[in-house]
>>> print(open('query-v5.cif').read())   # mmCIF, C-alpha atoms
data_model
#
loop_
_atom_site.label_atom_id
_atom_site.label_comp_id
_atom_site.auth_asym_id
_atom_site.auth_seq_id
_atom_site.Cartn_x
_atom_site.Cartn_y
_atom_site.Cartn_z
CA MET A 1 28.35 140.77 85.04
CA LYS A 2 27.70 137.02 84.83
CA LYS A 3 31.31 136.34 83.82
CA ASP A 4 32.54 138.45 86.73
CA MET A 5 30.39 136.44 89.14
CA GLN A 6 31.64 133.15 87.74
CA LYS A 7 35.22 134.34 88.03
CA GLU A 8 34.63 135.46 91.59
CA LYS A 9 33.12 132.09 92.50
CA LYS A 10 36.04 130.27 90.90
CA GLU A 11 38.57 132.38 92.77
CA LYS A 12 36.71 131.84 96.04
CA ARG A 13 36.65 128.08 95.44
CA LYS A 14 40.41 128.06 94.81
CA SER A 15 40.97 130.16 97.92
CA ASP A 16 38.81 127.82 100.01
CA GLN A 17 40.67 124.77 98.69
CA LYS A 18 44.04 126.35 99.48
CA ALA A 19 42.84 127.15 103.00
CA SER A 20 41.61 123.57 103.36
CA ILE A 21 45.00 122.16 102.31
CA GLU A 22 46.75 124.47 104.77
CA GLY A 23 44.23 123.31 107.37
CA ILE A 24 45.24 119.69 106.71
CA ARG A 25 48.87 120.60 107.35
CA GLU A 26 47.98 122.42 110.56
CA THR A 27 46.03 119.39 111.75
CA LEU A 28 48.97 117.10 110.99
CA PHE A 29 51.26 119.27 113.11
CA SER A 30 48.70 119.21 115.93
CA LEU A 31 48.89 115.39 115.84
CA ARG A 32 52.69 115.26 115.94
CA ASP A 33 54.44 112.75 118.22
CA GLU A 34 58.10 113.75 118.66
CA GLY A 35 59.18 110.27 119.79
CA TYR A 36 57.58 108.70 116.75
CA ARG A 37 59.14 111.36 114.52
CA SER A 38 62.60 110.39 115.78
CA PHE A 39 61.83 106.71 115.23
CA GLN A 40 60.62 107.31 111.67
CA SER A 41 63.69 109.39 110.81
CA LYS A 42 65.91 106.39 111.52
CA LEU A 43 63.61 103.92 109.77
CA ILE A 44 63.33 105.89 106.52
CA PRO A 45 66.85 107.17 105.71
CA THR A 46 65.97 108.44 102.23
CA VAL A 47 63.67 111.12 103.68
CA ASP A 48 65.07 114.39 105.05
CA PRO A 49 64.17 114.41 108.79
CA GLU A 50 62.95 117.99 108.35
CA ARG A 51 60.19 116.63 106.11
CA ILE A 52 58.86 114.30 108.81
CA ILE A 53 56.13 115.66 111.06
CA GLY A 54 55.74 112.48 113.11
CA VAL A 55 52.06 111.45 112.99
CA ARG A 56 51.46 107.85 113.99
CA THR A 57 50.03 105.63 111.24
CA PRO A 58 46.71 104.70 112.95
CA THR A 59 46.10 108.39 113.70
CA LEU A 60 46.89 109.33 110.11
CA ARG A 61 44.62 106.59 108.77
CA PHE A 62 41.74 107.79 110.96
CA PHE A 63 42.31 111.42 109.93
CA ALA A 64 42.14 110.41 106.25
CA LYS A 65 38.61 109.11 106.80
CA THR A 66 37.44 112.45 108.22
CA ILE A 67 38.40 114.51 105.15
CA SER A 68 35.55 115.39 102.80
CA LYS A 69 35.65 114.25 99.16
CA GLU A 70 35.99 117.80 97.86
CA ILE A 71 38.90 118.67 100.13
CA ALA A 72 40.52 115.28 99.50
CA SER A 73 40.35 115.86 95.73
CA ALA A 74 42.00 119.27 96.10
CA PHE A 75 44.69 117.80 98.35
CA LEU A 76 45.42 114.97 95.88
CA ARG A 77 45.95 117.53 93.11
CA ASP A 78 48.35 119.57 95.23
CA LEU A 79 51.60 117.86 94.23
CA PRO A 80 54.35 117.67 95.28
CA HIS A 81 53.64 117.79 99.00
CA ARG A 82 55.95 119.50 101.44
CA TYR A 83 55.98 116.82 104.15
CA PHE A 84 56.40 113.04 104.31
CA ASP A 85 53.24 112.75 106.42
CA GLU A 86 51.30 114.49 103.65
CA ASP A 87 52.62 111.86 101.23
CA GLN A 88 51.43 109.16 103.61
CA LEU A 89 48.02 110.80 103.88
CA HIS A 90 47.92 110.98 100.08
CA ALA A 91 48.58 107.22 99.91
CA PHE A 92 45.72 106.51 102.34
CA LEU A 93 43.28 108.72 100.44
CA LEU A 94 44.20 107.14 97.09
CA SER A 95 43.94 103.64 98.51
CA ASP A 96 40.29 104.28 99.40
CA ARG A 97 39.24 105.57 95.97
CA LYS A 98 36.25 103.57 94.74
CA GLU A 99 36.47 103.98 90.94
CA PHE A 100 39.29 102.17 89.15
CA SER A 101 40.16 104.67 86.41
CA ASP A 102 40.05 107.56 88.87
CA CYS A 103 42.30 105.71 91.31
CA LEU A 104 44.70 104.60 88.57
CA SER A 105 45.13 108.13 87.22
CA GLY A 106 45.75 109.33 90.77
CA VAL A 107 48.40 106.66 91.33
CA LYS A 108 50.13 107.53 88.05
CA ALA A 109 50.21 111.21 89.04
CA PHE A 110 51.54 110.45 92.52
CA LEU A 111 54.18 107.75 91.90
CA PRO A 112 56.80 110.10 90.36
CA PHE A 113 56.87 111.97 93.68
CA VAL A 114 57.26 108.89 95.89
CA ASN A 115 60.80 108.82 97.29
CA ASN A 116 60.77 106.22 100.05
CA TRP A 117 59.75 102.64 100.74
CA ALA A 118 57.18 103.52 103.42
CA THR A 119 54.96 105.65 101.18
CA CYS A 120 55.42 103.21 98.30
CA ASP A 121 54.27 100.28 100.43
CA GLN A 122 51.46 102.25 102.07
CA LEU A 123 49.85 102.75 98.67
CA CYS A 124 47.49 99.74 98.43
CA PRO A 125 44.38 100.64 96.39
CA LYS A 126 41.55 98.29 97.27
CA VAL A 127 39.88 98.82 93.90
CA PHE A 128 42.93 97.36 92.12
CA LYS A 129 42.10 93.90 93.43
CA ARG A 130 38.71 94.06 91.72
CA ASN A 131 40.18 95.07 88.35
CA LYS A 132 43.14 92.74 87.91
CA ALA A 133 42.91 92.24 84.14
CA ALA A 134 43.07 96.00 83.60
CA LEU A 135 45.83 96.38 86.18
CA LEU A 136 48.31 93.87 84.71
CA PRO A 137 49.43 96.05 81.76
CA GLU A 138 50.07 98.90 84.19
CA ILE A 139 52.11 96.61 86.45
CA GLU A 140 54.26 95.70 83.44
CA LYS A 141 54.97 99.39 82.80
CA TRP A 142 55.84 100.07 86.43
CA ILE A 143 58.23 97.12 86.60
CA ASP A 144 59.94 98.39 83.45
CA SER A 145 60.28 101.92 84.84
CA GLU A 146 63.68 103.49 85.48
CA LYS A 147 62.32 105.00 88.71
CA GLU A 148 63.17 103.00 91.83
CA TYR A 149 59.84 103.30 93.62
CA GLU A 150 57.71 102.80 90.52
CA ARG A 151 59.51 99.48 89.99
CA ARG A 152 59.09 98.56 93.64
CA PHE A 153 55.39 99.45 93.48
CA GLY A 154 54.84 97.34 90.35
CA ILE A 155 56.45 94.27 91.94
CA LYS A 156 54.47 94.82 95.12
CA MET A 157 51.18 95.00 93.19
CA LEU A 158 52.07 91.68 91.53
CA MET A 159 52.90 90.20 94.94
CA ASP A 160 49.74 91.51 96.64
CA GLY A 161 47.25 90.53 93.96
CA PHE A 162 48.61 87.71 91.81
CA LEU A 163 50.15 85.00 93.98
CA GLU A 164 46.94 83.20 94.86
CA GLU A 165 43.84 82.47 92.73
CA ASP A 166 45.09 84.67 89.87
CA PHE A 167 48.59 83.21 89.91
CA ASP A 168 50.42 82.44 86.69
CA PRO A 169 53.96 80.96 86.65
CA SER A 170 55.00 83.65 84.18
CA PHE A 171 54.81 86.20 87.02
CA LEU A 172 57.76 84.48 88.69
CA GLU A 173 59.80 84.65 85.51
CA ARG A 174 58.87 88.32 85.10
CA VAL A 175 60.21 89.33 88.50
CA ALA A 176 63.24 87.01 88.26
CA ARG A 177 64.35 88.99 85.20
CA VAL A 178 64.52 92.23 87.17
CA ARG A 179 68.08 93.43 87.56
CA SER A 180 68.66 96.61 89.50
CA GLU A 181 71.26 98.19 91.73
CA ALA A 182 68.53 100.09 93.59
CA TYR A 183 68.36 98.72 97.14
CA TYR A 184 64.60 99.04 97.58
CA VAL A 185 63.89 97.33 94.26
CA LYS A 186 66.16 94.42 95.21
CA MET A 187 64.48 94.14 98.60
CA MET A 188 61.07 93.94 96.92
CA VAL A 189 62.28 91.21 94.53
CA ALA A 190 63.44 89.22 97.57
CA TRP A 191 60.16 89.86 99.40
CA PHE A 192 58.19 88.80 96.31
CA PHE A 193 60.02 85.45 96.08
CA ALA A 194 59.82 84.80 99.82
CA THR A 195 56.05 85.35 99.60
CA ALA A 196 55.83 83.20 96.47
CA LEU A 197 57.61 80.38 98.35
CA ALA A 198 54.90 80.61 101.01
CA LYS A 199 52.00 80.69 98.55
CA GLN A 200 53.23 78.87 95.42
CA TYR A 201 56.10 76.74 96.70
CA ASP A 202 56.23 74.09 93.95
CA ALA A 203 56.31 76.66 91.13
CA THR A 204 58.78 78.91 92.96
CA ILE A 205 61.38 76.55 94.38
CA PRO A 206 63.10 75.91 90.98
CA TYR A 207 64.08 79.59 90.89
CA ILE A 208 65.97 79.07 94.13
CA GLU A 209 67.36 75.64 93.27
CA ASN A 210 68.67 76.84 89.90
CA HIS A 211 69.98 80.19 91.15
CA LEU A 212 67.87 82.21 88.74
CA LEU A 213 67.83 85.32 90.91
CA ASP A 214 70.46 87.96 91.42
CA PRO A 215 72.77 86.49 94.16
CA TRP A 216 71.88 89.22 96.67
CA CYS A 217 68.13 88.79 96.06
CA HIS A 218 68.54 85.00 96.29
CA GLY A 219 70.10 85.29 99.75
CA ARG A 220 67.51 87.71 101.05
CA ALA A 221 64.59 85.72 99.63
CA VAL A 222 65.83 82.53 101.29
CA GLN A 223 66.37 84.33 104.60
CA LYS A 224 62.91 85.92 104.55
CA ALA A 225 61.33 82.56 103.69
CA ILE A 226 63.15 80.86 106.56
CA GLU A 227 61.85 83.54 108.92
CA SER A 228 58.27 83.17 107.65
CA PHE A 229 55.59 81.56 109.82
CA ARG A 230 53.80 80.41 106.65
CA ILE A 231 56.46 77.93 105.55
CA PRO A 232 56.72 74.50 107.28
CA GLU A 233 59.94 73.64 109.08
CA LYS A 234 60.77 70.77 106.72
CA LYS A 235 60.77 73.17 103.76
CA LYS A 236 62.84 75.66 105.75
CA GLU A 237 65.48 73.02 106.32
CA TYR A 238 65.69 72.44 102.59
CA LEU A 239 65.87 76.18 101.93
CA ARG A 240 68.81 76.46 104.36
CA SER A 241 70.67 73.97 102.16
CA LEU A 242 70.12 76.26 99.15
CA ARG A 243 71.92 79.26 100.60
CA ARG A 244 74.60 80.54 98.25
CA LYS A 245 78.12 80.76 99.60
#
>>> encode(input="query-v5.cif", output="structure tokens")
Amino acid sequence: MKKDMQKEKKEKRKSDQKASIEGIRETLFSLRDEGYRSFQSKLIPTVDPERIIGVRTPTLRFFAKTISKEIASAFLRDLPHRYFDEDQLHAFLLSDRKEFSDCLSGVKAFLPFVNNWATCDQLCPKVFKRNKAALLPEIEKWIDSEKEYERRFGIKMLMDGFLEEDFDPSFLERVARVRSEAYYVKMMVAWFFATALAKQYDATIPYIENHLLDPWCHGRAVQKAIESFRIPEKKKEYLRSLRRK
């Protein structure tokens, strides 16, 4: 009798969680903006347009904060998701996780299903910045991954958390060694070095002067740095002279 009751409760809980996940999807469709959906489809070419619902980012971010912990946990376990907007919601929910090991395990479970730059870049766990020593070995693994968006994510985590007070020159060498034909990895390498030029110019400029980056990444990094508001005009003039022909 007791076992039957426990089984019944378990089945009811699973049923309630499934209904809650379906409720999330219904809410997302109720928030759809067709114009924004069309815009996103062009901006994120690696995602099938049929997978895009079209919920604006501020609306999605606000919705994430209204979901209870229990329902959020069930949703985070429900991988892979059917829609791009669900992936984005997943990234927001993970980014707000308070406990490092819990957040890290969630990121590891989610990353294999990330298939576009927008979701990859939306994943910015706040707790990672408070646990940098523990995060660095994980960053190394992500950068070494064969998966395009795991590599991009690893480089982005290094860029977001380790180019200021926790900076070490070895981080520049680590990213400079990355060689990939994957477009979104190469773009992140360029973005990393453009940001490094803004934050750690003296340590970074030799990588540009000595052509230590892949030629394509070199060109994009220089261009992004020249377009940056954080780099003085005098340095931009010098960077223009370092463009590869």
>>> resolve_selection(input="query-v5.cif", expression="the PyMOL selection byres ((chain A and resi 204-206) around 12)", output="ChimeraX atom specification")
/A:163,167-173,175-176,192-203,207-213,218,221-222,225,235-236,238-239,242
>>> atom_distance(input="query-v5.cif", atom1="CA of Lys108 (chain A)", atom2="CA of Gln88 (chain A)")
15.7 Å
>>> resolve_selection(input="query-v5.cif", expression="the PyMOL selection byres ((chain A and resi 128) around 10)", output="tab-separated table (two decimals) with C-alpha atoms, keeping the file's coordinate frame")
chain	number	residue	atom	x	y	z
A	95	SER	CA	43.94	103.64	98.51
A	97	ARG	CA	39.24	105.57	95.97
A	98	LYS	CA	36.25	103.57	94.74
A	99	GLU	CA	36.47	103.98	90.94
A	100	PHE	CA	39.29	102.17	89.15
A	101	SER	CA	40.16	104.67	86.41
A	103	CYS	CA	42.30	105.71	91.31
A	104	LEU	CA	44.70	104.60	88.57
A	124	CYS	CA	47.49	99.74	98.43
A	125	PRO	CA	44.38	100.64	96.39
A	126	LYS	CA	41.55	98.29	97.27
A	127	VAL	CA	39.88	98.82	93.90
A	129	LYS	CA	42.10	93.90	93.43
A	130	ARG	CA	38.71	94.06	91.72
A	131	ASN	CA	40.18	95.07	88.35
A	132	LYS	CA	43.14	92.74	87.91
A	133	ALA	CA	42.91	92.24	84.14
A	134	ALA	CA	43.07	96.00	83.60
A	135	LEU	CA	45.83	96.38	86.18
A	136	LEU	CA	48.31	93.87	84.71
A	157	MET	CA	51.18	95.00	93.19
A	161	GLY	CA	47.25	90.53	93.96
>>> residues_around(input="query-v5.cif", residues="Ser180 (chain A)", least_positions_apart="3", cutoff="10 Å", atoms="all atoms listed in the file", output="number ranges by chain")
A: 146, 148, 151, 177, 183-186, 189, 214
>>> residues_around(input="query-v5.cif", residues="region 48-56 of chain A", least_positions_apart="2", cutoff="12 Å", atoms="only C-alpha atoms", output="PyMOL selection string")
chain A and resi 25-46+58-63+81-89+115-116
>>> resolve_selection(input="query-v5.cif", expression="the PyMOL selection byres ((chain A and resi 113) around 9)", output="VMD selection string")
chain A and resid 79 to 81 87 109 to 112 114 to 115
>>> atom_distance(input="query-v5.cif", atom1="CA of Arg179 (chain A)", atom2="CA of Asp144 (chain A)")
10.4 Å
>>> closest_residue(input="query-v5.cif", among="A:Thr119, A:Gln223, A:Ser105, A:Ser20", to="Val47 (chain A)", atoms="only C-alpha atoms")
A:Thr119
>>> atom_distance(input="query-v5.cif", atom1="CA of Lys156 (chain A)", atom2="CA of Asp121 (chain A)")
7.6 Å
>>> closest_residue(input="query-v5.cif", among="A:Phe162, A:Arg244, A:Lys141, A:Asp78", to="Arg220 (chain A)", atoms="only C-alpha atoms")
A:Arg244
>>> closest_residue(input="query-v5.cif", among="A:Leu123, A:Glu237, A:Arg243, A:Ile21", to="Ala91 (chain A)", atoms="only C-alpha atoms")
A:Leu123
>>> residues_near_point(input="query-v5.cif", point="(55.6, 94.6, 82.6)", cutoff="9 Å", atoms="only C-alpha atoms", output="PDB file with C-alpha atoms, keeping the file's coordinate frame")
ATOM      1  CA  LEU A 136      48.310  93.870  84.710  1.00  0.00           C
ATOM      2  CA  PRO A 137      49.430  96.050  81.760  1.00  0.00           C
ATOM      3  CA  GLU A 138      50.070  98.900  84.190  1.00  0.00           C
ATOM      4  CA  ILE A 139      52.110  96.610  86.450  1.00  0.00           C
ATOM      5  CA  GLU A 140      54.260  95.700  83.440  1.00  0.00           C
ATOM      6  CA  LYS A 141      54.970  99.390  82.800  1.00  0.00           C
ATOM      7  CA  TRP A 142      55.840 100.070  86.430  1.00  0.00           C
ATOM      8  CA  ILE A 143      58.230  97.120  86.600  1.00  0.00           C
ATOM      9  CA  ASP A 144      59.940  98.390  83.450  1.00  0.00           C
ATOM     10  CA  SER A 145      60.280 101.920  84.840  1.00  0.00           C
ATOM     11  CA  GLY A 154      54.840  97.340  90.350  1.00  0.00           C
ATOM     12  CA  ARG A 174      58.870  88.320  85.100  1.00  0.00           C
TER      13      ARG A 174
END
